[in-house]
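Chemist: Supplied in structure tokens, the structure appears directly below.
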Amino acid sequence: MHDDYDLEPQPADISDRALPGRAGARRPARPAAARTPRKKNGMPDEAKPARDLLSEILAKMGLGHVDIEYVPRPEGEYFEIAGPDLAMLIGRHGNTLEALNLVFNNILNAGVRNNRRYYTVDAEGYRARRADQLKSLALMTLERCIREKKPQRLEPMLPSERKIVHIALAENEFVRTESEGVEPERRVVLFPK
């Protein structure tokens, strides 16, 4: 292996999930053999146009003085934005960040039929912290569902947040999860098995 490249898979243990920028759900990790070689502390060449597009969008939003870091995670590829005054970028309950993520990925993949790439945009670790909160909520609700032996409904959530809850409980043998309702009031419901 050449010293300038890092082909090792990223570890995904429990301690990693507690750090900002380590949580959130997108897609399963690619096998180590399918990962794109990248320079240490760098990003793959395929991610650079996406980072440039995100930088251009942020500049047009009036956020020109930000740092964008590429962060590969087991669940997908992330762009972590750091800078001053990012509250307006996150928005109320992450709604603006969610909308930015949708628009960004739609522009990036416009006209692309094969090899689409999807990135998760995070700001100051907001999505990572929210994912940790949602996983804790899922576990507390799981306990209540088992104890009371009746369905438990969570608060309405964004689609990306519902996905985190579904994935957190996907392999649990005591409950199953479903989403019900109509946006923006769609929510996850836990049902005892």
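Ordering of the structure tokens sets the chain letters (A, B, ...), residue numbers begin anew at 1 in every chain, and ligands are numbered from 1 in the order given.
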Find the spatial neighbours of Glu161 in chain A, counting only C-alpha atoms, within a cut-off of 10 Å - ignore same-chain residues fewer than 6 positions away - and output them as a list in words.
Modeler: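 Here the answer would be Gly24, Ala25, Gly94, Glu98, Arg127, Arg130, Ala131, Leu134, Lys135, Arg187 and Val188 of chain A.
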Chemist: With N, CA and C atoms retained, could you export that selection as a compact mmCIF listing (two decimals), in the first residue's frame?
Modeler:
# COMPACT_ATOMS: atom_id res chain seq x y z
N GLY A 24 -26.36 9.45 12.20
CA GLY A 24 -27.18 9.79 11.05
C GLY A 24 -27.26 8.58 10.16
N ALA A 25 -28.29 8.47 9.40
CA ALA A 25 -28.43 7.31 8.56
C ALA A 25 -28.61 7.70 7.12
N GLY A 94 -34.08 21.72 12.43
CA GLY A 94 -33.29 21.19 11.33
C GLY A 94 -33.97 21.24 9.97
N GLU A 98 -32.37 20.24 6.33
CA GLU A 98 -33.00 19.14 5.58
C GLU A 98 -33.33 19.59 4.16
N ARG A 127 -26.88 17.34 13.04
CA ARG A 127 -27.50 16.06 12.70
C ARG A 127 -26.95 14.93 13.57
N ARG A 130 -28.58 15.22 16.97
CA ARG A 130 -29.99 14.85 16.86
C ARG A 130 -30.13 13.34 16.69
N ALA A 131 -29.24 12.73 15.92
CA ALA A 131 -29.29 11.27 15.74
C ALA A 131 -29.08 10.56 17.07
N LEU A 134 -32.28 10.84 19.00
CA LEU A 134 -33.32 9.97 18.46
C LEU A 134 -33.08 8.50 18.81
N LYS A 135 -31.82 8.09 18.81
CA LYS A 135 -31.52 6.70 19.21
C LYS A 135 -31.87 6.47 20.67
N ARG A 187 -45.15 10.27 11.63
CA ARG A 187 -44.42 9.85 12.81
C ARG A 187 -44.14 8.36 12.81
N VAL A 188 -43.21 7.93 13.65
CA VAL A 188 -42.88 6.52 13.82
C VAL A 188 -43.75 5.96 14.92
Chemist: Give me the residues within 7 Å of Gly83 in chain A as an MDAnalysis selection string, counting only C-alpha atoms and dropping any in the same chain fewer than 5 places off.
Modeler: chainID A and resid 65:67
Chemist: Let me make sure I understand: among A:Leu86, A:Ile107, A:Leu190, A:Val182, which one has the smallest atom-to-atom distance to Leu142 in chain A if we use only C-alpha atoms?
Modeler: A:Leu190
Chemist: Which polymer residues have any atom within 12 Å of an atom of range 59-64 of chain A, counting only C-alpha atoms, with same-chain residues fewer than 2 positions away left out, as a ChimeraX atom specification?
Modeler: /A:52-57,66-68,81-89,96,100,123
Chemist: What gap, in Å, lies between CA of Asn106 in chain A and CA of Leu154 in chain A?
Modeler: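 A separation of 29.0 Å between them.
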Chemist: Pick from A:Phe79, A:Phe191, A:Phe174, A:Tyr126: nearest to Asn105 in chain A, with only C-alpha atoms counted?
Modeler: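 Of the candidates, the smallest distance to Asn105 in chain A is held by A:Phe79.
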Chemist: If DSSP is run on the backbone, what residues of range 42-120 of chain A are helix (DSSP H, G or I)? A reply as an MDAnalysis selection string would be ideal.
Modeler: chainID A and resid 45:60 87:90 92:108
Chemist: Just list the residues in range 39-93 of chain A DSSP gives strand (DSSP E) on the backbone, as a list of chain:residue names.
Modeler: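 Answer for range 39-93 of chain A, restricted to strand (DSSP E): A:Lys39, A:Asp67, A:Ile68, A:Glu69, A:Tyr70, A:Val71, A:Pro72, A:Arg73, A:Gly76, A:Glu77, A:Tyr78, A:Phe79, A:Glu80, A:Ile81, A:Ala82.
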Chemist: Got time to write the residues from that selection, N, CA and C atoms, as a compact mmCIF listing (two decimals), in the first residue's frame?
Modeler:
# COMPACT_ATOMS: atom_id res chain seq x y z
N LYS A 39 -6.64 10.40 -0.28
CA LYS A 39 -5.43 10.80 0.42
C LYS A 39 -5.75 10.95 1.89
N ASP A 67 -16.15 26.60 6.58
CA ASP A 67 -15.27 25.49 6.22
C ASP A 67 -16.16 24.29 5.95
N ILE A 68 -15.86 23.55 4.90
CA ILE A 68 -16.60 22.34 4.56
C ILE A 68 -15.63 21.17 4.60
N GLU A 69 -15.88 20.25 5.50
CA GLU A 69 -15.02 19.08 5.66
C GLU A 69 -15.74 17.84 5.16
N TYR A 70 -15.06 17.03 4.38
CA TYR A 70 -15.59 15.75 3.91
C TYR A 70 -15.37 14.72 5.01
N VAL A 71 -16.41 14.00 5.40
CA VAL A 71 -16.31 13.01 6.47
C VAL A 71 -16.95 11.71 6.00
N PRO A 72 -16.13 10.69 5.71
CA PRO A 72 -16.71 9.38 5.37
C PRO A 72 -17.15 8.67 6.64
N ARG A 73 -18.36 8.12 6.63
CA ARG A 73 -18.87 7.39 7.78
C ARG A 73 -19.43 6.06 7.30
N GLY A 76 -22.60 6.55 5.25
CA GLY A 76 -22.59 7.38 4.06
C GLY A 76 -21.53 8.46 4.11
N GLU A 77 -21.57 9.33 3.11
CA GLU A 77 -20.59 10.40 3.01
C GLU A 77 -21.22 11.71 3.48
N TYR A 78 -20.49 12.44 4.30
CA TYR A 78 -21.00 13.66 4.89
C TYR A 78 -20.13 14.86 4.52
N PHE A 79 -20.77 16.02 4.45
CA PHE A 79 -20.06 17.28 4.41
C PHE A 79 -20.43 18.02 5.68
N GLU A 80 -19.45 18.25 6.53
CA GLU A 80 -19.65 18.95 7.79
C GLU A 80 -19.28 20.41 7.59
N ILE A 81 -20.23 21.30 7.85
CA ILE A 81 -20.02 22.73 7.69
C ILE A 81 -19.72 23.34 9.06
N ALA A 82 -18.65 24.12 9.11
CA ALA A 82 -18.29 24.81 10.35
C ALA A 82 -18.07 26.28 10.02
Chemist: Expressed in Å to a single decimal, how great is the separation between CA of Ile164 in chain A and CA of Asp132 in chain A?
Modeler: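 Spanning CA of Ile164 in chain A to CA of Asp132 in chain A is a straight-line distance of 9.3 Å.
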Chemist: What does the distance between CA of Ala99 in chain A and CA of Val121 in chain A come to in Å, to one decimal place?
Modeler: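 Between CA of Ala99 in chain A and CA of Val121 in chain A the gap works out to 10.1 Å.
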Chemist: Tell me, as a PyMOL selection string, which residues lie within 9 Å of Glu183 in chain A, counting only C-alpha atoms; anything in the same chain fewer than 2 positions away does not count.
Modeler: chain A and resi 156-159+181+185-187
